[in-house]
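Source file: protein-v6.cif (mmCIF, C-alpha atoms)
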data_start
loop_
_atom_site.label_atom_id
_atom_site.label_comp_id
_atom_site.auth_asym_id
_atom_site.auth_seq_id
_atom_site.Cartn_x
_atom_site.Cartn_y
_atom_site.Cartn_z
CA MET A 1 18.04 -74.90 -20.31
CA THR A 2 21.12 -75.55 -18.15
CA ILE A 3 23.85 -72.95 -18.42
CA ARG A 4 27.28 -74.57 -18.62
CA PHE A 5 30.82 -73.30 -19.17
CA ASP A 6 32.53 -76.49 -20.34
CA GLY A 7 35.61 -75.65 -22.40
CA ARG A 8 35.59 -72.03 -21.24
CA VAL A 9 38.38 -70.33 -19.29
CA ALA A 10 37.37 -67.73 -16.69
CA ILE A 11 39.31 -65.18 -14.66
CA VAL A 12 37.65 -64.00 -11.45
CA THR A 13 39.49 -61.21 -9.63
CA GLY A 14 39.21 -60.75 -5.90
CA ALA A 15 38.22 -64.42 -5.74
CA GLY A 16 39.85 -65.34 -2.43
CA ASN A 17 36.88 -64.22 -0.34
CA GLY A 18 33.25 -63.13 -0.48
CA LEU A 19 31.63 -62.53 -3.83
CA GLY A 20 34.64 -63.47 -5.93
CA ARG A 21 35.01 -66.79 -4.13
CA ALA A 22 31.32 -67.58 -4.71
CA HIS A 23 31.64 -66.68 -8.42
CA ALA A 24 34.79 -68.78 -8.88
CA LEU A 25 33.24 -71.82 -7.19
CA GLY A 26 30.02 -71.42 -9.18
CA LEU A 27 31.77 -71.14 -12.54
CA ALA A 28 33.96 -74.16 -11.75
CA ARG A 29 30.91 -76.22 -10.77
CA ARG A 30 29.44 -75.47 -14.19
CA GLY A 31 32.55 -76.63 -16.03
CA ALA A 32 34.78 -73.58 -16.44
CA LYS A 33 38.52 -73.67 -15.84
CA VAL A 34 39.02 -70.82 -13.38
CA VAL A 35 41.90 -68.48 -12.61
CA VAL A 36 41.31 -67.58 -8.97
CA ASN A 37 42.94 -64.17 -8.69
CA ASP A 38 43.44 -62.51 -5.34
CA PHE A 39 46.16 -60.14 -4.20
CA GLY A 40 45.42 -61.35 -0.68
CA GLY A 41 45.54 -57.93 0.96
CA ALA A 42 43.48 -56.51 3.80
CA ARG A 43 40.15 -54.79 3.16
CA ASP A 44 41.96 -51.46 2.66
CA GLY A 45 44.33 -53.00 0.10
CA THR A 46 47.41 -53.27 2.31
CA GLY A 47 49.49 -56.43 2.69
CA GLY A 48 49.31 -59.35 0.29
CA SER A 49 49.25 -63.16 0.36
CA LEU A 50 48.44 -65.97 -2.07
CA SER A 51 46.83 -68.13 0.63
CA PRO A 52 43.20 -66.95 0.07
CA ALA A 53 43.44 -67.79 -3.65
CA ASP A 54 45.17 -71.10 -2.92
CA SER A 55 42.40 -72.02 -0.51
CA VAL A 56 39.69 -71.47 -3.14
CA VAL A 57 41.66 -73.40 -5.75
CA GLU A 58 41.87 -76.29 -3.30
CA GLU A 59 38.08 -76.20 -2.82
CA ILE A 60 37.55 -76.29 -6.60
CA ARG A 61 39.98 -79.16 -7.12
CA LYS A 62 38.48 -81.19 -4.28
CA ALA A 63 35.10 -80.85 -5.99
CA GLY A 64 36.58 -82.16 -9.25
CA GLY A 65 37.11 -78.81 -10.96
CA VAL A 66 40.12 -77.20 -12.63
CA ALA A 67 41.67 -74.00 -11.29
CA MET A 68 44.89 -72.09 -10.76
CA ALA A 69 45.74 -69.42 -8.19
CA ASP A 70 47.14 -66.04 -9.20
CA GLY A 71 48.25 -63.18 -6.96
CA ALA A 72 48.32 -60.37 -9.51
CA ASP A 73 47.60 -56.89 -8.16
CA VAL A 74 44.90 -55.63 -10.54
CA SER A 75 46.24 -52.08 -10.22
CA ASN A 76 49.51 -53.24 -11.86
CA PHE A 77 49.04 -53.79 -15.60
CA GLU A 78 52.21 -55.86 -16.06
CA GLN A 79 51.01 -58.32 -13.40
CA VAL A 80 47.53 -58.47 -14.94
CA GLN A 81 48.94 -59.09 -18.41
CA ALA A 82 51.19 -61.82 -17.03
CA MET A 83 48.14 -63.48 -15.44
CA VAL A 84 46.25 -63.46 -18.74
CA ASP A 85 49.29 -64.73 -20.65
CA ARG A 86 49.76 -67.55 -18.13
CA ALA A 87 46.12 -68.66 -18.40
CA THR A 88 46.24 -68.48 -22.20
CA LYS A 89 49.46 -70.52 -22.34
CA GLU A 90 48.06 -73.13 -19.93
CA TRP A 91 44.50 -73.41 -21.24
CA GLY A 92 44.48 -71.77 -24.69
CA SER A 93 42.28 -68.73 -24.10
CA VAL A 94 40.52 -66.46 -21.66
CA ASP A 95 36.83 -66.44 -22.56
CA LEU A 96 35.22 -65.03 -19.43
CA LEU A 97 36.24 -62.21 -17.10
CA CYS A 98 34.55 -61.28 -13.85
CA ALA A 99 36.27 -58.12 -12.60
CA ASN A 100 35.35 -58.19 -8.93
CA ALA A 101 38.46 -57.12 -6.97
CA GLY A 102 38.08 -54.10 -4.74
CA ILE A 103 39.04 -52.36 -1.53
CA LEU A 104 37.39 -49.94 0.88
CA ARG A 105 38.76 -46.74 2.40
CA ASP A 106 35.60 -45.06 3.63
CA LYS A 107 35.64 -41.52 5.03
CA SER A 108 33.38 -38.52 4.74
CA PHE A 109 34.47 -36.29 1.86
CA GLY A 110 35.76 -33.53 4.14
CA LYS A 111 38.09 -35.98 5.90
CA MET A 112 39.09 -38.08 2.88
CA GLU A 113 42.80 -38.08 2.08
CA ILE A 114 43.87 -37.63 -1.54
CA ALA A 115 45.77 -40.94 -1.39
CA ASP A 116 42.66 -42.82 -0.22
CA PHE A 117 40.62 -41.46 -3.13
CA ALA A 118 43.34 -42.29 -5.64
CA LYS A 119 43.97 -45.82 -4.34
CA VAL A 120 40.30 -46.85 -4.46
CA ILE A 121 39.95 -45.49 -8.00
CA ASP A 122 43.19 -47.28 -8.91
CA VAL A 123 42.05 -50.71 -7.70
CA HIS A 124 38.38 -50.61 -8.71
CA LEU A 125 38.21 -48.57 -11.90
CA VAL A 126 41.75 -48.60 -13.29
CA GLY A 127 42.17 -52.23 -12.20
CA THR A 128 39.00 -53.21 -14.04
CA PHE A 129 40.22 -51.35 -17.13
CA TYR A 130 43.55 -53.21 -16.93
CA CYS A 131 41.81 -56.59 -16.70
CA CYS A 132 39.53 -55.79 -19.64
CA LYS A 133 42.47 -54.45 -21.66
CA ALA A 134 44.55 -57.57 -21.02
CA VAL A 135 41.85 -59.97 -22.27
CA TRP A 136 40.45 -57.78 -25.06
CA ASP A 137 42.76 -58.62 -27.97
CA GLY A 138 42.40 -62.37 -27.37
CA MET A 139 38.61 -62.11 -27.23
CA ARG A 140 38.57 -60.09 -30.45
CA ALA A 141 40.84 -62.60 -32.20
CA ARG A 142 38.55 -65.48 -31.20
CA ASN A 143 35.32 -63.52 -31.80
CA TYR A 144 34.05 -64.45 -28.36
CA GLY A 145 34.14 -62.93 -24.91
CA ARG A 146 31.97 -62.30 -21.89
CA ILE A 147 32.90 -59.65 -19.33
CA VAL A 148 31.15 -58.68 -16.09
CA VAL A 149 32.33 -55.58 -14.24
CA THR A 150 31.27 -54.96 -10.66
CA SER A 151 29.42 -51.70 -10.02
CA SER A 152 27.50 -50.77 -6.86
CA SER A 153 24.44 -48.95 -5.60
CA SER A 154 26.95 -46.63 -3.88
CA GLY A 155 27.91 -45.33 -7.33
CA LEU A 156 24.48 -45.56 -8.93
CA TYR A 157 22.54 -43.98 -6.06
CA GLY A 158 25.09 -42.61 -3.55
CA ASN A 159 26.22 -43.59 -0.06
CA PHE A 160 27.63 -41.40 2.69
CA GLY A 161 31.39 -41.71 3.20
CA GLN A 162 32.11 -43.38 -0.14
CA ALA A 163 33.05 -40.61 -2.57
CA ASN A 164 36.04 -42.66 -3.76
CA TYR A 165 34.18 -45.97 -3.99
CA GLY A 166 31.04 -44.39 -5.49
CA ALA A 167 33.02 -42.53 -8.16
CA ALA A 168 34.84 -45.74 -9.12
CA LYS A 169 31.65 -47.79 -9.23
CA ALA A 170 29.80 -45.22 -11.35
CA GLY A 171 32.84 -45.19 -13.65
CA MET A 172 32.37 -48.93 -14.17
CA VAL A 173 29.06 -48.22 -15.90
CA GLY A 174 30.69 -45.76 -18.28
CA LEU A 175 33.42 -48.29 -19.08
CA MET A 176 30.85 -51.05 -19.59
CA ASN A 177 28.72 -48.88 -21.91
CA VAL A 178 31.64 -48.16 -24.25
CA LEU A 179 33.13 -51.67 -24.22
CA ALA A 180 29.71 -53.17 -24.98
CA GLU A 181 29.46 -50.96 -28.08
CA GLU A 182 33.01 -51.68 -29.22
CA GLY A 183 32.71 -55.41 -28.54
CA ARG A 184 29.50 -56.07 -30.50
CA LYS A 185 31.12 -56.94 -33.85
CA ASN A 186 33.32 -59.58 -32.17
CA ASP A 187 30.60 -61.08 -29.95
CA ILE A 188 32.17 -59.64 -26.81
CA ARG A 189 29.31 -58.97 -24.44
CA VAL A 190 29.98 -56.63 -21.53
CA ASN A 191 27.64 -56.18 -18.57
CA ALA A 192 27.69 -54.88 -15.00
CA ILE A 193 26.52 -56.33 -11.71
CA ALA A 194 25.50 -54.10 -8.78
CA PRO A 195 25.53 -56.56 -5.86
CA THR A 196 24.66 -56.24 -2.21
CA ALA A 197 25.87 -59.09 -0.01
CA ALA A 198 27.38 -60.04 3.33
CA THR A 199 31.11 -59.80 2.76
CA ARG A 200 34.04 -58.33 4.66
CA MET A 201 33.16 -55.08 2.84
CA THR A 202 29.73 -54.93 4.52
CA GLU A 203 30.07 -56.94 7.75
CA GLU A 204 30.43 -53.85 9.96
CA LEU A 205 27.56 -51.97 8.31
CA LEU A 206 24.66 -54.40 8.70
CA GLN A 207 22.89 -56.23 11.52
CA PRO A 208 23.53 -60.00 11.93
CA GLN A 209 19.98 -61.02 10.95
CA VAL A 210 20.25 -58.92 7.78
CA LEU A 211 23.67 -60.35 6.93
CA ALA A 212 22.20 -63.85 7.22
CA LEU A 213 19.85 -63.08 4.30
CA MET A 214 22.60 -61.67 2.12
CA LYS A 215 24.79 -64.63 1.20
CA PRO A 216 27.39 -63.97 -1.52
CA GLU A 217 26.06 -67.07 -3.30
CA ALA A 218 22.84 -65.13 -4.00
CA ILE A 219 24.73 -62.88 -6.45
CA THR A 220 26.50 -65.60 -8.44
CA PRO A 221 23.48 -66.74 -10.56
CA ALA A 222 23.23 -63.24 -12.08
CA VAL A 223 26.97 -63.16 -12.79
CA GLU A 224 26.83 -66.63 -14.37
CA TYR A 225 23.94 -65.57 -16.59
CA LEU A 226 25.79 -62.42 -17.68
CA LEU A 227 28.82 -64.57 -18.55
CA SER A 228 26.80 -67.16 -20.45
CA GLU A 229 26.55 -67.86 -24.19
CA ASP A 230 23.15 -66.15 -24.44
CA ALA A 231 23.96 -63.17 -22.19
CA PRO A 232 22.66 -59.71 -23.05
CA THR A 233 25.12 -56.86 -23.46
CA LYS A 234 25.24 -53.33 -22.02
CA THR A 235 23.02 -54.37 -19.11
CA ILE A 236 23.26 -53.51 -15.41
CA MET A 237 21.81 -56.13 -13.10
CA GLY A 238 21.16 -55.61 -9.41
CA ALA A 239 21.26 -58.63 -7.10
CA GLY A 240 21.04 -59.42 -3.41
CA ALA A 241 19.26 -61.72 -0.92
CA GLY A 242 17.61 -63.59 -3.81
CA SER A 243 16.31 -60.46 -5.57
CA PHE A 244 17.37 -59.78 -9.16
CA THR A 245 16.72 -56.53 -11.04
CA VAL A 246 17.69 -54.64 -14.19
CA ILE A 247 18.87 -51.06 -13.64
CA ARG A 248 18.61 -48.46 -16.39
CA ILE A 249 19.72 -44.87 -16.86
CA LEU A 250 16.72 -42.96 -18.20
CA GLU A 251 16.37 -39.56 -19.87
CA SER A 252 13.16 -37.55 -19.83
CA GLU A 253 11.58 -36.53 -23.12
CA GLY A 254 12.32 -32.92 -22.16
CA ILE A 255 11.39 -29.82 -24.12
CA ASN A 256 13.12 -27.64 -26.69
CA LEU A 257 13.27 -23.90 -26.02
CA PRO A 258 13.67 -21.14 -28.63
CA GLU A 259 16.92 -19.15 -28.44
CA SER A 260 15.07 -16.23 -26.86
CA GLU A 261 14.44 -18.47 -23.85
CA TRP A 262 17.99 -19.81 -23.40
CA THR A 263 18.08 -18.37 -19.89
CA PRO A 264 18.26 -19.93 -16.42
CA ASP A 265 14.92 -18.23 -15.65
CA ALA A 266 13.22 -20.09 -18.51
CA VAL A 267 14.80 -23.38 -17.41
CA ALA A 268 13.49 -22.77 -13.88
CA ALA A 269 10.01 -21.88 -15.18
CA HIS A 270 9.82 -25.04 -17.29
CA PHE A 271 11.69 -27.38 -14.93
CA ALA A 272 8.65 -29.48 -13.96
CA GLU A 273 7.90 -30.09 -17.64
CA ILE A 274 11.58 -30.76 -18.42
CA GLY A 275 11.72 -33.37 -15.66
CA GLU A 276 8.40 -35.09 -16.42
CA MET A 277 9.29 -38.79 -16.70
CA SER A 278 6.22 -40.45 -18.24
CA LYS A 279 7.95 -40.65 -21.65
CA ALA A 280 11.47 -41.24 -20.29
CA LYS A 281 13.65 -43.64 -22.30
CA THR A 282 17.01 -45.34 -22.21
CA LEU A 283 19.11 -43.99 -25.06
CA ASP A 284 21.17 -46.34 -27.23
CA GLY A 285 24.37 -44.28 -27.14
CA ALA A 286 25.88 -40.81 -26.90
CA PHE A 287 24.97 -39.86 -30.48
CA HIS A 288 21.36 -40.89 -29.86
CA GLN A 289 21.14 -37.99 -27.39
CA THR A 290 22.59 -35.53 -29.92
CA GLN A 291 20.21 -36.78 -32.60
CA LYS A 292 17.23 -36.43 -30.26
CA TYR A 293 18.03 -32.81 -29.38
CA VAL A 294 18.61 -31.82 -33.01
CA GLU A 295 15.34 -33.47 -34.06
CA GLN A 296 13.45 -31.64 -31.29
CA ALA A 297 14.92 -28.30 -32.36
CA ALA A 298 14.13 -28.97 -36.02
CA ALA A 299 10.55 -29.98 -35.18
CA ARG A 300 9.97 -26.82 -33.14
CA MET A 301 11.23 -24.68 -36.03
CA GLY A 302 9.42 -26.67 -38.72
CA MET A 303 12.69 -27.71 -40.37
CA LYS A 304 13.17 -30.88 -42.39
CA LEU A 305 16.42 -32.73 -41.74
#

Show me the file's structure as structure tokens.
Amino acid sequence: MTIRFDGRVAIVTGAGNGLGRAHALGLARRGAKVVVNDFGGARDGTGGSLSPADSVVEEIRKAGGVAMADGADVSNFEQVQAMVDRATKEWGSVDLLCANAGILRDKSFGKMEIADFAKVIDVHLVGTFYCCKAVWDGMRARNYGRIVVTSSSSGLYGNFGQANYGAAKAGMVGLMNVLAEEGRKNDIRVNAIAPTAATRMTEELLQPQVLALMKPEAITPAVEYLLSEDAPTKTIMGAGAGSFTVIRILESEGINLPESEWTPDAVAAHFAEIGEMSKAKTLDGAFHQTQKYVEQAAARMGMKL
């Protein structure tokens, strides 16, 4: 099977460099019309220029593809909405969204300025929300949409000096989980990618021989799959250097304690049993957790629900 995007319209944010550029070029090669969005700022989000987006559009057009450049700042909802409206007016719809734009303002938590925390959350998490919000009604009306949000191992597992970035990237998973549930009835499938690649975000952190293995183009196949007709939904994929994984949030089976043991001492005494992971599962949704706990309590007390 060859995955194609003929007749589909895609928006890729942060597409002037690195991962976004690779995704935009890849989608265009497979037939999508692509809005190449890039604010054109520095790595910390300052400045702004349309030239990175224009450059990628030129690459796409030279290869025979169809694209337009857009300089919307994803942390400004009016600009994001205008971008979506422009693409819809020009090409009839927005079917695919890859929310990839981001900035870095790394500092240890003790030294992190309030403004640097807020700005990173604003671009990554709020900006992703804005992009999803702007395309959502159109996708619902057409009963079709594919969205990929960009998470990170920094949010899923932690990384020193990235409290702002990690919080935003973990927030992406929460956003994805809810949008996937709400989008099901309209065939809007929402997934997350947790990439690791050689980009201007990572160039100072990794050795040259390691960077050589971590081409941005190694992430794009996972993104293209997650944007495809037969994509899953509510899935986190990891990708980097040719490796592809599925990441899940698991909950242990746990135990149910009688009210007489609702004490921190009892929790401490049973903690090994509480944390035993051989029967751990991914839960379908928030209510699934509630249902599980109620069923465990009822079973311990011999109650029928």

*Residues matched by the PyMOL selection byres ((chain A and resi 108-125) around 12), written as a ChimeraX atom specification*: /A:13-14,39,41,43-46,72-77,80,99-107,126-132,149-152,155,159-176

_To one decimal place in Å, what is the distance between CA of Val223 (chain A) and CA of Pro195 (chain A)?_
9.7 Å

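From CA of Arg248 (chain A) back to CA of Ala134 (chain A), the distance works out to 27.9 Å.
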
*asked:* Can you measure CA of Ala197 (chain A) to CA of His23 (chain A) for me? One decimal in Å is fine.
replied: 12.7 Å

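For the set A:Leu305, A:Met83, A:Ala241, A:Asp230, the residue with the smallest atom-to-atom gap to Glu217 (chain A) is A:Ala241, counting all atoms listed in the file.
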
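Take the candidates A:Trp91, A:Tyr157, A:Phe5, A:Trp136 and check each one against Ile247 (chain A) using only C-alpha atoms; the shortest distance goes to A:Tyr157.
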
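Closest approach to Asn177 (chain A) from the set A:Val56, A:Leu97, A:Val190, A:Val267 is made by A:Val190, with distances taken over only C-alpha atoms.
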
*Target residues per the PyMOL selection byres ((chain A and resi 276) around 12), formatted as a VMD selection string*: chain A and resid 250 to 255 270 to 275 277 to 281

*Picked residues, the PyMOL selection byres ((chain A and resi 59) around 12), expected as a PyMOL selection string*: chain A and resi 16+21-22+24-26+28-29+34+36+52-58+60-69

Write the residues you've just listed into a file as a PDB file, in the frame of the given file, and include C-alpha atoms for each of them.
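Once everything was written out, this is again-v1.pdb:
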ATOM      1  CA  GLY A  16      39.850 -65.340  -2.430  1.00  0.00           C
ATOM      2  CA  ARG A  21      35.010 -66.790  -4.130  1.00  0.00           C
ATOM      3  CA  ALA A  22      31.320 -67.580  -4.710  1.00  0.00           C
ATOM      4  CA  ALA A  24      34.790 -68.780  -8.880  1.00  0.00           C
ATOM      5  CA  LEU A  25      33.240 -71.820  -7.190  1.00  0.00           C
ATOM      6  CA  GLY A  26      30.020 -71.420  -9.180  1.00  0.00           C
ATOM      7  CA  ALA A  28      33.960 -74.160 -11.750  1.00  0.00           C
ATOM      8  CA  ARG A  29      30.910 -76.220 -10.770  1.00  0.00           C
ATOM      9  CA  VAL A  34      39.020 -70.820 -13.380  1.00  0.00           C
ATOM     10  CA  VAL A  36      41.310 -67.580  -8.970  1.00  0.00           C
ATOM     11  CA  PRO A  52      43.200 -66.950   0.070  1.00  0.00           C
ATOM     12  CA  ALA A  53      43.440 -67.790  -3.650  1.00  0.00           C
ATOM     13  CA  ASP A  54      45.170 -71.100  -2.920  1.00  0.00           C
ATOM     14  CA  SER A  55      42.400 -72.020  -0.510  1.00  0.00           C
ATOM     15  CA  VAL A  56      39.690 -71.470  -3.140  1.00  0.00           C
ATOM     16  CA  VAL A  57      41.660 -73.400  -5.750  1.00  0.00           C
ATOM     17  CA  GLU A  58      41.870 -76.290  -3.300  1.00  0.00           C
ATOM     18  CA  ILE A  60      37.550 -76.290  -6.600  1.00  0.00           C
ATOM     19  CA  ARG A  61      39.980 -79.160  -7.120  1.00  0.00           C
ATOM     20  CA  LYS A  62      38.480 -81.190  -4.280  1.00  0.00           C
ATOM     21  CA  ALA A  63      35.100 -80.850  -5.990  1.00  0.00           C
ATOM     22  CA  GLY A  64      36.580 -82.160  -9.250  1.00  0.00           C
ATOM     23  CA  GLY A  65      37.110 -78.810 -10.960  1.00  0.00           C
ATOM     24  CA  VAL A  66      40.120 -77.200 -12.630  1.00  0.00           C
ATOM     25  CA  ALA A  67      41.670 -74.000 -11.290  1.00  0.00           C
ATOM     26  CA  MET A  68      44.890 -72.090 -10.760  1.00  0.00           C
ATOM     27  CA  ALA A  69      45.740 -69.420  -8.190  1.00  0.00           C
TER      28      ALA A  69
END

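Near (29.5, -60.0, -19.0), the residues inside the 6 Å limit, counting all atoms listed in the file, come to A:Arg146, A:Ile147, A:Val148, A:Arg189, A:Val190, A:Asn191, A:Leu226, A:Leu227.
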
Show me, as lines of an AutoDock Vina configuration file, the centre and edge lengths in Å to one decimal of the axis-aligned box that covers every listed atom of region 274-277 of chain A with 6 Å on each side.
center_x = 10.1
center_y = -34.8
center_z = -17.0
size_x = 15.3
size_y = 20.0
size_z = 14.8

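For the choices A:Gly183, A:Gly7, A:Gly71, A:Gly20, the atom-to-atom distance to Lys33 (chain A) is smallest for A:Gly7 when using only C-alpha atoms.
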
*Measuring atom to atom with only C-alpha atoms, identify which of A:Met301, A:Ala192, A:Ala141, A:Ala212 is nearest to Ala239 (chain A).*
A:Ala192

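In this comparison, which uses all atoms listed in the file, the residue of A:Ala286, A:Val94, A:Ile249, A:Ala222 approaching Val178 (chain A) most closely is A:Ala286.
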
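By all atoms listed in the file, and with residues fewer than 6 positions from Val246 (chain A) along its chain excluded, the set lying at most 10 Å from it is Ile193, Ala194, Thr235, Ile236, Met237, Gly238 and Ala239 of chain A.
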
Using the partial input, fill out region 256-265 of chain A with all heavy atoms; write the result as a PDB file, in the coordinates of the input.
ATOM      1  N   ASN A 256      12.159 -28.451 -25.953  1.00  0.00           N
ATOM      2  CA  ASN A 256      13.120 -27.640 -26.690  1.00  0.00           C
ATOM      3  C   ASN A 256      12.686 -26.186 -26.611  1.00  0.00           C
ATOM      4  O   ASN A 256      11.536 -25.855 -26.928  1.00  0.00           O
ATOM      5  CB  ASN A 256      13.195 -28.097 -28.150  1.00  0.00           C
ATOM      6  CG  ASN A 256      14.308 -27.390 -28.897  1.00  0.00           C
ATOM      7  OD1 ASN A 256      14.118 -26.304 -29.433  1.00  0.00           O
ATOM      8  ND2 ASN A 256      15.480 -28.007 -28.922  1.00  0.00           N
ATOM      9  N   LEU A 257      13.590 -25.317 -26.186  1.00  0.00           N
ATOM     10  CA  LEU A 257      13.270 -23.900 -26.020  1.00  0.00           C
ATOM     11  C   LEU A 257      13.859 -23.073 -27.156  1.00  0.00           C
ATOM     12  O   LEU A 257      14.973 -23.353 -27.613  1.00  0.00           O
ATOM     13  CB  LEU A 257      13.849 -23.389 -24.684  1.00  0.00           C
ATOM     14  CG  LEU A 257      13.297 -24.015 -23.407  1.00  0.00           C
ATOM     15  CD1 LEU A 257      14.091 -23.536 -22.199  1.00  0.00           C
ATOM     16  CD2 LEU A 257      11.819 -23.674 -23.239  1.00  0.00           C
ATOM     17  N   PRO A 258      13.131 -22.047 -27.611  1.00  0.00           N
ATOM     18  CA  PRO A 258      13.670 -21.140 -28.630  1.00  0.00           C
ATOM     19  C   PRO A 258      14.847 -20.348 -28.038  1.00  0.00           C
ATOM     20  O   PRO A 258      14.964 -20.194 -26.824  1.00  0.00           O
ATOM     21  CB  PRO A 258      12.498 -20.227 -28.970  1.00  0.00           C
ATOM     22  CG  PRO A 258      11.621 -20.269 -27.763  1.00  0.00           C
ATOM     23  CD  PRO A 258      11.780 -21.638 -27.183  1.00  0.00           C
ATOM     24  N   GLU A 259      15.713 -19.842 -28.901  1.00  0.00           N
ATOM     25  CA  GLU A 259      16.920 -19.150 -28.440  1.00  0.00           C
ATOM     26  C   GLU A 259      16.603 -17.984 -27.517  1.00  0.00           C
ATOM     27  O   GLU A 259      17.369 -17.678 -26.608  1.00  0.00           O
ATOM     28  CB  GLU A 259      17.743 -18.674 -29.649  1.00  0.00           C
ATOM     29  CG  GLU A 259      19.146 -18.253 -29.279  1.00  0.00           C
ATOM     30  CD  GLU A 259      20.064 -18.113 -30.484  1.00  0.00           C
ATOM     31  OE1 GLU A 259      19.684 -18.535 -31.587  1.00  0.00           O
ATOM     32  OE2 GLU A 259      21.180 -17.598 -30.296  1.00  0.00           O
ATOM     33  N   SER A 260      15.464 -17.356 -27.721  1.00  0.00           N
ATOM     34  CA  SER A 260      15.070 -16.230 -26.860  1.00  0.00           C
ATOM     35  C   SER A 260      14.846 -16.663 -25.417  1.00  0.00           C
ATOM     36  O   SER A 260      14.837 -15.833 -24.502  1.00  0.00           O
ATOM     37  CB  SER A 260      13.790 -15.577 -27.396  1.00  0.00           C
ATOM     38  OG  SER A 260      12.726 -16.527 -27.424  1.00  0.00           O
ATOM     39  N   GLU A 261      14.669 -17.959 -25.203  1.00  0.00           N
ATOM     40  CA  GLU A 261      14.440 -18.470 -23.850  1.00  0.00           C
ATOM     41  C   GLU A 261      15.623 -19.298 -23.326  1.00  0.00           C
ATOM     42  O   GLU A 261      15.480 -20.082 -22.393  1.00  0.00           O
ATOM     43  CB  GLU A 261      13.166 -19.335 -23.815  1.00  0.00           C
ATOM     44  CG  GLU A 261      11.884 -18.547 -24.004  1.00  0.00           C
ATOM     45  CD  GLU A 261      10.659 -19.409 -23.744  1.00  0.00           C
ATOM     46  OE1 GLU A 261      10.495 -19.884 -22.605  1.00  0.00           O
ATOM     47  OE2 GLU A 261       9.895 -19.616 -24.706  1.00  0.00           O
ATOM     48  N   TRP A 262      16.806 -19.121 -23.913  1.00  0.00           N
ATOM     49  CA  TRP A 262      17.990 -19.810 -23.400  1.00  0.00           C
ATOM     50  C   TRP A 262      18.528 -19.045 -22.189  1.00  0.00           C
ATOM     51  O   TRP A 262      19.596 -18.430 -22.214  1.00  0.00           O
ATOM     52  CB  TRP A 262      19.063 -19.915 -24.487  1.00  0.00           C
ATOM     53  CG  TRP A 262      18.682 -20.844 -25.621  1.00  0.00           C
ATOM     54  CD1 TRP A 262      17.560 -21.593 -25.746  1.00  0.00           C
ATOM     55  CD2 TRP A 262      19.447 -21.094 -26.803  1.00  0.00           C
ATOM     56  NE1 TRP A 262      17.552 -22.305 -26.928  1.00  0.00           N
ATOM     57  CE2 TRP A 262      18.701 -22.026 -27.598  1.00  0.00           C
ATOM     58  CE3 TRP A 262      20.663 -20.638 -27.291  1.00  0.00           C
ATOM     59  CZ2 TRP A 262      19.159 -22.482 -28.837  1.00  0.00           C
ATOM     60  CZ3 TRP A 262      21.125 -21.107 -28.515  1.00  0.00           C
ATOM     61  CH2 TRP A 262      20.370 -22.020 -29.279  1.00  0.00           C
ATOM     62  N   THR A 263      17.727 -19.063 -21.132  1.00  0.00           N
ATOM     63  CA  THR A 263      18.080 -18.370 -19.890  1.00  0.00           C
ATOM     64  C   THR A 263      17.822 -19.307 -18.709  1.00  0.00           C
ATOM     65  O   THR A 263      16.968 -20.203 -18.792  1.00  0.00           O
ATOM     66  CB  THR A 263      17.215 -17.113 -19.693  1.00  0.00           C
ATOM     67  OG1 THR A 263      15.845 -17.505 -19.499  1.00  0.00           O
ATOM     68  CG2 THR A 263      17.310 -16.172 -20.900  1.00  0.00           C
ATOM     69  N   PRO A 264      18.539 -19.104 -17.597  1.00  0.00           N
ATOM     70  CA  PRO A 264      18.260 -19.930 -16.420  1.00  0.00           C
ATOM     71  C   PRO A 264      16.847 -19.722 -15.899  1.00  0.00           C
ATOM     72  O   PRO A 264      16.256 -20.647 -15.322  1.00  0.00           O
ATOM     73  CB  PRO A 264      19.314 -19.468 -15.400  1.00  0.00           C
ATOM     74  CG  PRO A 264      19.759 -18.122 -15.861  1.00  0.00           C
ATOM     75  CD  PRO A 264      19.643 -18.146 -17.346  1.00  0.00           C
ATOM     76  N   ASP A 265      16.298 -18.513 -16.117  1.00  0.00           N
ATOM     77  CA  ASP A 265      14.920 -18.230 -15.650  1.00  0.00           C
ATOM     78  C   ASP A 265      13.911 -19.098 -16.400  1.00  0.00           C
ATOM     79  O   ASP A 265      12.970 -19.633 -15.812  1.00  0.00           O
ATOM     80  CB  ASP A 265      14.600 -16.744 -15.869  1.00  0.00           C
ATOM     81  CG  ASP A 265      15.725 -15.853 -15.385  1.00  0.00           C
ATOM     82  OD1 ASP A 265      15.801 -15.609 -14.170  1.00  0.00           O
ATOM     83  OD2 ASP A 265      16.559 -15.468 -16.234  1.00  0.00           O
TER      84      ASP A 265
END
